[in-house]
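Shown here: model_30.cif, mmCIF, C-alpha atoms.
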data_final
#
loop_
_atom_site.label_atom_id
_atom_site.label_comp_id
_atom_site.auth_asym_id
_atom_site.auth_seq_id
_atom_site.Cartn_x
_atom_site.Cartn_y
_atom_site.Cartn_z
CA MET A 3 77.21 108.17 72.44
CA SER A 4 76.76 107.06 76.06
CA GLY A 5 76.60 103.39 76.94
CA PRO A 6 73.83 101.46 78.67
CA PRO A 7 72.90 102.10 82.32
CA LEU A 8 74.95 100.25 84.90
CA ILE A 9 71.78 98.51 86.11
CA GLU A 10 68.38 98.18 84.50
CA PHE A 11 65.14 96.39 85.38
CA GLN A 12 62.82 95.86 82.42
CA GLN A 13 59.31 94.83 83.57
CA VAL A 14 60.79 92.69 86.35
CA SER A 15 58.31 90.54 88.28
CA LYS A 16 58.88 87.99 91.03
CA VAL A 17 56.13 85.56 91.93
CA TYR A 18 56.14 83.01 94.75
CA GLY A 19 53.63 80.16 95.12
CA ARG A 20 50.69 79.14 92.97
CA GLY A 21 46.95 79.55 92.85
CA GLU A 22 45.42 81.18 95.91
CA ALA A 23 48.84 81.08 97.61
CA THR A 24 50.45 83.24 94.91
CA ILE A 25 52.45 86.19 96.17
CA ARG A 26 53.58 88.79 93.65
CA ALA A 27 56.61 90.28 95.42
CA LEU A 28 57.52 92.46 92.43
CA ASP A 29 55.10 93.47 89.71
CA ARG A 30 56.51 94.67 86.35
CA VAL A 31 59.12 97.01 87.80
CA ASP A 32 61.11 99.29 85.51
CA LEU A 33 64.14 101.15 86.88
CA THR A 34 67.63 102.25 85.94
CA ILE A 35 70.65 103.02 88.11
CA GLU A 36 73.64 104.78 86.62
CA LYS A 37 77.29 104.40 87.52
CA ASN A 38 78.37 106.37 90.65
CA GLU A 39 74.81 106.84 91.96
CA PHE A 40 73.90 106.47 95.64
CA VAL A 41 70.38 105.05 95.80
CA ALA A 42 68.24 104.18 98.83
CA ILE A 43 65.51 101.57 98.44
CA MET A 44 62.66 102.06 100.90
CA GLY A 45 59.22 100.69 101.65
CA PRO A 46 57.16 98.93 104.33
CA SER A 47 57.53 95.26 105.17
CA GLY A 48 56.35 93.15 102.23
CA SER A 49 56.76 96.00 99.74
CA GLY A 50 59.27 94.16 97.55
CA LYS A 51 62.39 96.08 98.50
CA SER A 52 64.28 93.03 99.79
CA THR A 53 63.25 90.99 96.76
CA ALA A 54 64.54 93.75 94.50
CA MET A 55 67.84 93.79 96.42
CA ASN A 56 68.22 90.01 96.10
CA ILE A 57 67.75 90.23 92.34
CA LEU A 58 70.15 93.17 92.08
CA GLY A 59 72.74 91.10 93.94
CA CYS A 60 72.18 88.06 91.68
CA LEU A 61 71.05 86.10 94.73
CA ASP A 62 67.67 85.51 93.05
CA VAL A 63 66.28 85.75 89.52
CA PRO A 64 63.10 87.37 88.16
CA SER A 65 60.05 85.24 87.34
CA SER A 66 59.65 87.41 84.27
CA GLY A 67 61.20 90.52 82.77
CA GLU A 68 64.90 91.26 82.42
CA TYR A 69 67.68 92.37 84.76
CA LEU A 70 70.54 93.92 82.78
CA PHE A 71 73.97 94.64 84.26
CA GLN A 72 76.13 96.90 82.07
CA GLY A 73 73.78 96.06 79.21
CA ILE A 74 74.16 92.28 79.66
CA ARG A 75 71.01 90.24 80.23
CA THR A 76 71.68 88.31 83.42
CA SER A 77 69.08 85.73 82.34
CA GLU A 78 71.56 84.61 79.68
CA LEU A 79 74.32 83.92 82.24
CA ASP A 80 74.89 80.41 83.55
CA ARG A 81 75.45 79.65 87.23
CA SER A 82 79.23 80.09 87.09
CA GLN A 83 78.86 83.41 85.26
CA HIS A 84 76.42 84.61 87.92
CA THR A 85 78.99 83.67 90.55
CA MET A 86 81.70 85.56 88.67
CA LEU A 87 79.47 88.64 88.43
CA ARG A 88 78.84 88.60 92.20
CA ARG A 89 82.50 87.92 92.98
CA HIS A 90 84.04 90.57 90.74
CA MET A 91 81.44 93.34 90.39
CA LEU A 92 79.39 93.34 93.60
CA GLY A 93 80.18 93.93 97.27
CA PHE A 94 77.71 93.11 100.04
CA VAL A 95 77.18 94.65 103.48
CA PHE A 96 74.54 93.16 105.78
CA GLN A 97 72.82 94.33 108.95
CA GLY A 98 74.28 91.40 110.92
CA PHE A 99 77.92 91.96 109.81
CA ASN A 100 78.33 88.22 108.93
CA LEU A 101 81.93 88.08 110.11
CA LEU A 102 83.78 84.89 111.06
CA ALA A 103 84.04 84.56 114.84
CA ARG A 104 87.44 84.16 116.53
CA THR A 105 89.04 85.35 113.30
CA SER A 106 91.08 88.53 112.86
CA ALA A 107 89.79 91.56 111.00
CA ILE A 108 92.35 91.16 108.23
CA GLU A 109 91.50 87.47 107.75
CA ASN A 110 87.81 88.36 107.42
CA VAL A 111 88.62 90.99 104.82
CA GLU A 112 90.87 88.61 102.89
CA LEU A 113 88.11 86.04 102.43
CA PRO A 114 86.75 87.24 99.03
CA LEU A 115 90.33 87.24 97.70
CA VAL A 116 90.83 83.67 98.91
CA TYR A 117 87.85 82.67 96.76
CA ARG A 118 89.59 84.33 93.82
CA GLY A 119 92.68 82.20 94.39
CA MET A 120 94.90 85.21 95.04
CA GLU A 121 98.41 84.69 96.43
CA ALA A 122 98.58 85.15 100.20
CA ARG A 123 100.99 88.11 100.29
CA GLU A 124 98.98 90.12 97.77
CA ARG A 125 95.65 89.49 99.42
CA ARG A 126 97.11 90.47 102.80
CA ARG A 127 98.37 93.73 101.25
CA LEU A 128 94.98 94.55 99.69
CA ALA A 129 93.11 93.66 102.89
CA ALA A 130 95.35 96.01 104.90
CA ILE A 131 94.65 98.82 102.42
CA ALA A 132 90.89 98.22 102.68
CA LEU A 133 91.01 98.29 106.48
CA GLU A 134 92.93 101.56 106.37
CA GLN A 135 90.29 102.98 104.01
CA VAL A 136 87.59 102.31 106.61
CA GLY A 137 89.62 103.76 109.48
CA LEU A 138 90.85 100.54 111.10
CA LYS A 139 94.58 100.81 110.58
CA GLY A 140 96.19 99.22 113.63
CA ARG A 141 93.22 96.93 114.27
CA GLU A 142 94.09 94.36 111.60
CA HIS A 143 94.80 91.53 114.05
CA HIS A 144 91.94 92.13 116.47
CA THR A 145 89.32 89.38 116.46
CA THR A 146 85.64 90.19 116.02
CA GLN A 147 85.07 89.77 119.78
CA GLU A 148 87.64 92.51 120.41
CA LEU A 149 85.84 95.01 118.16
CA SER A 150 82.80 97.19 118.81
CA GLY A 151 79.67 96.91 116.67
CA GLY A 152 80.70 99.90 114.61
CA GLN A 153 84.18 98.49 114.10
CA GLN A 154 82.72 95.15 113.04
CA GLN A 155 80.59 96.90 110.44
CA ARG A 156 83.70 98.71 109.20
CA VAL A 157 85.40 95.33 108.79
CA ALA A 158 82.35 94.12 106.85
CA ILE A 159 82.57 97.18 104.59
CA ALA A 160 86.31 96.62 104.08
CA ARG A 161 85.55 93.03 103.09
CA ALA A 162 82.95 94.30 100.60
CA ILE A 163 85.30 96.81 98.93
CA VAL A 164 88.56 94.81 98.96
CA THR A 165 87.69 93.43 95.51
CA SER A 166 87.14 96.97 94.11
CA PRO A 167 83.50 96.27 93.20
CA ALA A 168 81.48 98.43 90.82
CA VAL A 169 78.47 98.25 93.17
CA LEU A 170 78.14 98.15 96.95
CA LEU A 171 74.84 96.57 98.06
CA ALA A 172 74.05 97.50 101.67
CA ASP A 173 71.06 95.88 103.39
CA GLU A 174 70.08 97.88 106.50
CA PRO A 175 73.77 98.63 107.20
CA THR A 176 73.03 100.58 110.39
CA GLY A 177 70.19 98.41 111.70
CA ASN A 178 72.18 97.08 114.69
CA LEU A 179 74.03 100.29 115.53
CA ASP A 180 73.41 103.25 117.81
CA THR A 181 72.78 106.73 116.43
CA LYS A 182 76.36 108.02 116.71
CA THR A 183 77.87 104.89 115.14
CA SER A 184 75.20 104.87 112.42
CA LYS A 185 76.24 108.38 111.42
CA GLU A 186 79.90 107.33 111.26
CA ILE A 187 79.07 104.31 109.07
CA MET A 188 76.89 106.38 106.74
CA GLU A 189 79.60 109.02 106.37
CA LEU A 190 82.01 106.19 105.49
CA ILE A 191 79.64 104.76 102.86
CA THR A 192 79.01 108.25 101.47
CA GLY A 193 82.76 108.76 101.15
CA LEU A 194 83.18 105.48 99.25
CA ASN A 195 80.58 106.70 96.77
CA ARG A 196 81.93 110.25 96.52
CA ASP A 197 85.68 109.64 96.60
CA HIS A 198 86.03 106.17 95.07
CA GLY A 199 83.17 106.18 92.56
CA ILE A 200 81.50 103.06 93.99
CA THR A 201 77.82 102.87 93.12
CA VAL A 202 75.86 102.33 96.34
CA ILE A 203 72.44 100.69 96.57
CA MET A 204 71.11 100.60 100.11
CA VAL A 205 67.95 99.13 101.62
CA THR A 206 66.69 101.03 104.67
CA HIS A 207 63.44 101.78 106.44
CA GLU A 208 64.82 104.86 108.19
CA ASP A 209 64.26 108.28 106.64
CA ASP A 210 67.34 109.80 108.28
CA ILE A 211 69.55 107.06 106.81
CA ALA A 212 67.93 107.34 103.38
CA ALA A 213 68.69 111.08 103.46
CA TYR A 214 72.38 110.25 102.85
CA ALA A 215 71.48 108.89 99.41
CA LYS A 216 71.16 111.12 96.38
CA ARG A 217 68.06 109.30 95.18
CA ASN A 218 65.27 107.37 96.89
CA LEU A 219 63.26 104.53 95.36
CA ARG A 220 60.13 103.64 97.31
CA PHE A 221 58.35 100.32 96.86
CA VAL A 222 54.74 99.61 97.81
CA ASP A 223 52.96 96.28 97.18
CA GLY A 224 55.55 95.13 94.65
CA HIS A 225 55.43 98.35 92.62
CA LEU A 226 57.99 101.12 92.38
CA SER A 227 55.67 103.82 93.68
CA SER A 228 58.06 106.79 93.64
CA ASP A 229 61.51 107.74 92.42
CA SER A 230 62.80 110.98 93.93
CA LEU A 231 65.97 112.99 94.22
CA ASN A 232 66.68 114.09 97.77
CA GLY A 233 65.53 117.64 98.29
CA LYS A 234 63.06 117.47 95.44
CA ALA A 235 59.41 116.44 95.20
CA PRO A 236 58.88 112.74 94.41
CA ALA A 237 58.19 111.84 90.80
CA ASP A 238 55.17 109.53 90.61
CA VAL A 239 56.12 106.58 88.42
CA LEU A 240 52.98 104.47 88.65
#
Once you've parsed the file, please lay out its structure as structure tokens.
Amino acid sequence: MSGPPLIEFQQVSKVYGRGEATIRALDRVDLTIEKNEFVAIMGPSGSGKSTAMNILGCLDVPSSGEYLFQGIRTSELDRSQHTMLRRHMLGFVFQGFNLLARTSAIENVELPLVYRGMEARERRRLAAIALEQVGLKGREHHTTQELSGGQQQRVAIARAIVTSPAVLLADEPTGNLDTKTSKEIMELITGLNRDHGITVIMVTHEDDIAAYAKRNLRFVDGHLSSDSLNGKAPADVL
């Protein structure tokens, strides 16, 4: 008998404000994401895609409904357990890289392991491995100012995977990159999913970037309006 989905939303809603100022960012969304999937979340501004990503990353909580991770109701976790879930199971890549300035690539990648209290020699070893995985062997001691935009995003990806997360959450990972570098970054992310079994959930507004994913979820006005496999007709889920 198979286990529960890796990720599940059960009637998840997120409401901001009250009365006439109420904004329903998500409205009773149901979805499941299985282990090893590569999913793109799409939709226009205000559609709910960023809110969904924040909840998936345990950076926010639903107003109602349930978010389950590996069958565990995240609503039943306390603050420290939420932190442990983010720290041990999730890796984050952002559009703006979010690297420490005037700090070497390897020191940036080590940071999540510092938070874990890992011994310095071991975290340096793991950070070097992660940088090699993203094609930056030999650049370990370059500062962020000495790296191109694409190289900085590779450092950010190395930082996200150094903890061996189950899920990589990528928010517009190519938004600040040119076309050639965007392709290189997407091929890298695709390889992490294909070769290392990391589940990838990516927010993007670009169709050509979403095409790298195996499955596209499209949000409109807080609803999951379509759920489609790439190369196949969308399945209407409203």
(Q) What's around region 112-122 of chain A at 9 Å? Count only C-alpha atoms, leave out sequence neighbours fewer than 4 positions away in its own chain, and write the answer as a ChimeraX atom specification. (A) /A:89-90,107-108,126-130,161-162,164-165
Which residues of region 69-180 of chain A have any atom within 7 Å of an atom in region 195-210 of chain A when counting only C-alpha atoms, and what is the closest pair of atoms for each, with the distance in Å to one decimal? Order the rows by chain and rising number and write it as a Markdown table.
| residue | atom | partner | partner_atom | distance |
| --- | --- | --- | --- | --- |
| A:Ala168 | CA | A:Ile200 | CA | 5.6 |
| A:Val169 | CA | A:Thr201 | CA | 4.7 |
| A:Leu170 | CA | A:Val202 | CA | 4.8 |
| A:Leu171 | CA | A:Ile203 | CA | 5.0 |
| A:Ala172 | CA | A:Met204 | CA | 4.5 |
| A:Asp173 | CA | A:Val205 | CA | 4.8 |
| A:Glu174 | CA | A:Thr206 | CA | 5.0 |
(Q) For this structure, which residues satisfy the selection - the PyMOL selection byres ((chain A and resi 34) around 9) - when it is evaluated on the file as given? I want them as a count of residues only. (A) 10
Q) For Tyr18 (chain A), which residue out of A:His84, A:Thr53, A:Arg30, A:Thr76 is the nearest one, using all atoms listed in the file? A) A:Thr53
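Across the structure, CA of Val17 (chain A) and CA of His225 (chain A) are spaced 12.8 Å apart.
Here CA of Thr192 (chain A) stands at a distance of 9.8 Å from CA of Lys216 (chain A).
Each of A:Gln135, A:Asp62, A:Leu70, A:Thr176 was checked against Thr85 (chain A) using only C-alpha atoms; the smallest atom-to-atom distance is that of A:Asp62.
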Exercise: Ala160 (chain A) partners within 7 Å, only C-alpha atoms, chain neighbours under 4 positions left out, as a short mmCIF file (atom, residue, chain, number, x, y, z; two decimals) with C-alpha atoms, keeping the file's coordinate frame:
data_model
loop_
_atom_site.label_atom_id
_atom_site.label_comp_id
_atom_site.auth_asym_id
_atom_site.auth_seq_id
_atom_site.Cartn_x
_atom_site.Cartn_y
_atom_site.Cartn_z
CA VAL A 111 88.62 90.99 104.82
CA ALA A 132 90.89 98.22 102.68
CA LEU A 133 91.01 98.29 106.48
CA VAL A 136 87.59 102.31 106.61
CA ARG A 156 83.70 98.71 109.20
CA VAL A 164 88.56 94.81 98.96
#
Q: Give me the residues within 6 Å of Leu28 (chain A) as a PyMOL selection string, counting all atoms listed in the file and dropping any in the same chain fewer than 4 places off.
A: chain A and resi 15-16+50+224
**Q.** Near-Ser4 (chain A) list (12 Å; all atoms listed in the file; drop same-chain fewer than 5 positions) as a ChimeraX atom specification
**A.** /A:36-37,72-73
Q: Give as a ChimeraX atom specification the residues that the PyMOL selection byres ((chain A and resi 151) around 10) matches when applied to the coordinates above.
A: /A:98-99,146-150,152-157,176,178-180,183
Q: Identify the residues around (65.7, 107.5, 93.6) within a radius of 10 Å, measuring from all atoms listed in the file in the coordinates stated by the file, and give them as a VMD selection string.
A: chain A and resid 33 to 35 39 to 44 215 to 220 228 to 232 236 to 237
Q: Can you turn the PyMOL selection byres ((chain A and resi 47) around 10) into a concrete residue list for this file, as a PyMOL selection string?
A: chain A and resi 44-46+48-52+207+221-223
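Minimum distance to Asn56 (chain A) across A:Leu92, A:Ile187, A:Leu79, A:Met86 (counting all atoms listed in the file) occurs at A:Leu92.
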Q: Using CA of Ser66 (chain A) and CA of Val14 (chain A) as the two end points, give the distance in Å to one decimal.
A: 5.8 Å
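Among the candidates A:Ile211, A:Val95, A:Met188, A:Ile74, the residue lying nearest to Met55 (chain A) is A:Val95 (atoms considered: all atoms listed in the file).
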Q.
Here is a test: counting only C-alpha atoms, which residue of A:Leu226, A:Arg104, A:Glu142, A:Gly93 is nearest to Gln13 (chain A)?
A. A:Leu226
